Amino acid sequence: MIQFEQVCKRYPGGHQALNNLSFHMPHGDMRFLTGHSGAGKSTLVNLLPAFYETTSGQITIDGKPTE
């Protein structure tokens with residue numbers, strides 16, 4: 001399971017890409033990620049493998065926090 005709990009991501013310069021994002025996705029689920037340019041889609045995807053660090057909040061995958 002993938003779980004985001006109140007995840008925020010702010011870039012240097014003040015741009016807020018994600019603000020208090022919370023969701024969970026059980027094993028076997030498929031989701032589509034859509035939105036306008038600048039909505040935070042790439043940021044969300046890059047947070048999963050910990051390419052980026054969250055500004056606040058926590059991401060867990062199979063019960064283990066990303067680092």
# chains A, B, ... in the order shown; residues from 1 in each chain; ligands from 1
>>> residues_around(residues="segment 15-31 of chain A", least_positions_apart="2", cutoff="9 Å", atoms="only C-alpha atoms", output="PyMOL selection string")
chain A and resi 1-13+33+38-41+43-44+56-57+62
>>> write_last_selection(atoms="C-alpha atoms", output="short mmCIF file (atom, residue, chain, number, x, y, z; two decimals), in the first residue's frame")
data_model
loop_
_atom_site.label_atom_id
_atom_site.label_comp_id
_atom_site.auth_asym_id
_atom_site.auth_seq_id
_atom_site.Cartn_x
_atom_site.Cartn_y
_atom_site.Cartn_z
CA MET A 1 0.00 0.00 0.00
CA ILE A 2 1.09 3.56 -0.72
CA GLN A 3 0.01 6.14 1.82
CA PHE A 4 0.47 9.93 1.82
CA GLU A 5 -0.35 11.68 5.11
CA GLN A 6 -0.61 15.48 4.96
CA VAL A 7 2.28 15.74 2.50
CA CYS A 8 3.49 19.20 1.53
CA LYS A 9 6.24 20.07 -0.92
CA ARG A 10 7.59 23.60 -1.23
CA TYR A 11 10.44 24.40 -3.60
CA PRO A 12 13.14 27.00 -3.00
CA GLY A 13 11.76 30.36 -3.97
CA LEU A 33 -2.96 11.10 -12.31
CA GLY A 38 1.93 23.00 -12.61
CA ALA A 39 -0.60 21.02 -10.54
CA GLY A 40 2.08 18.86 -8.88
CA LYS A 41 1.78 15.60 -10.84
CA THR A 43 6.31 16.23 -7.90
CA LEU A 44 4.00 13.51 -6.54
CA SER A 56 6.29 18.09 5.71
CA GLY A 57 4.08 15.03 6.10
CA ASP A 62 4.16 -1.14 2.51
#
>>> residues_around(residues="Phe51 of chain A", least_positions_apart="5", cutoff="12 Å", atoms="only C-alpha atoms", output="ChimeraX atom specification")
/A:42-46,66-67
>>> select_by_dssp(residues="chain A", states="helix (DSSP H, G or I)", output="number ranges by chain")
A: 41-47
>>> select_by_dssp(residues="chain A", states="strand (DSSP E or B)", output="list in words")
Ile2, Gln3, Phe4, Glu5, Gln6, Val7, Cys8, Lys9, Arg10, Gln16, Ala17, Leu18, Asn19, Asn20, Leu21, Ser22, Phe23, His24, Met25, Ser56, Gly57, Gln58, Ile59, Thr60, Ile61, Lys64 and Pro65 of chain A
>>> atom_distance(atom1="atom CA of Ala50 of chain A", atom2="atom CA of Gly63 of chain A")
15.0 Å
>>> closest_residue(among="A:Thr60, A:Gly35, A:Leu47, A:Thr55", to="Gly14 of chain A", atoms="only C-alpha atoms")
A:Thr55
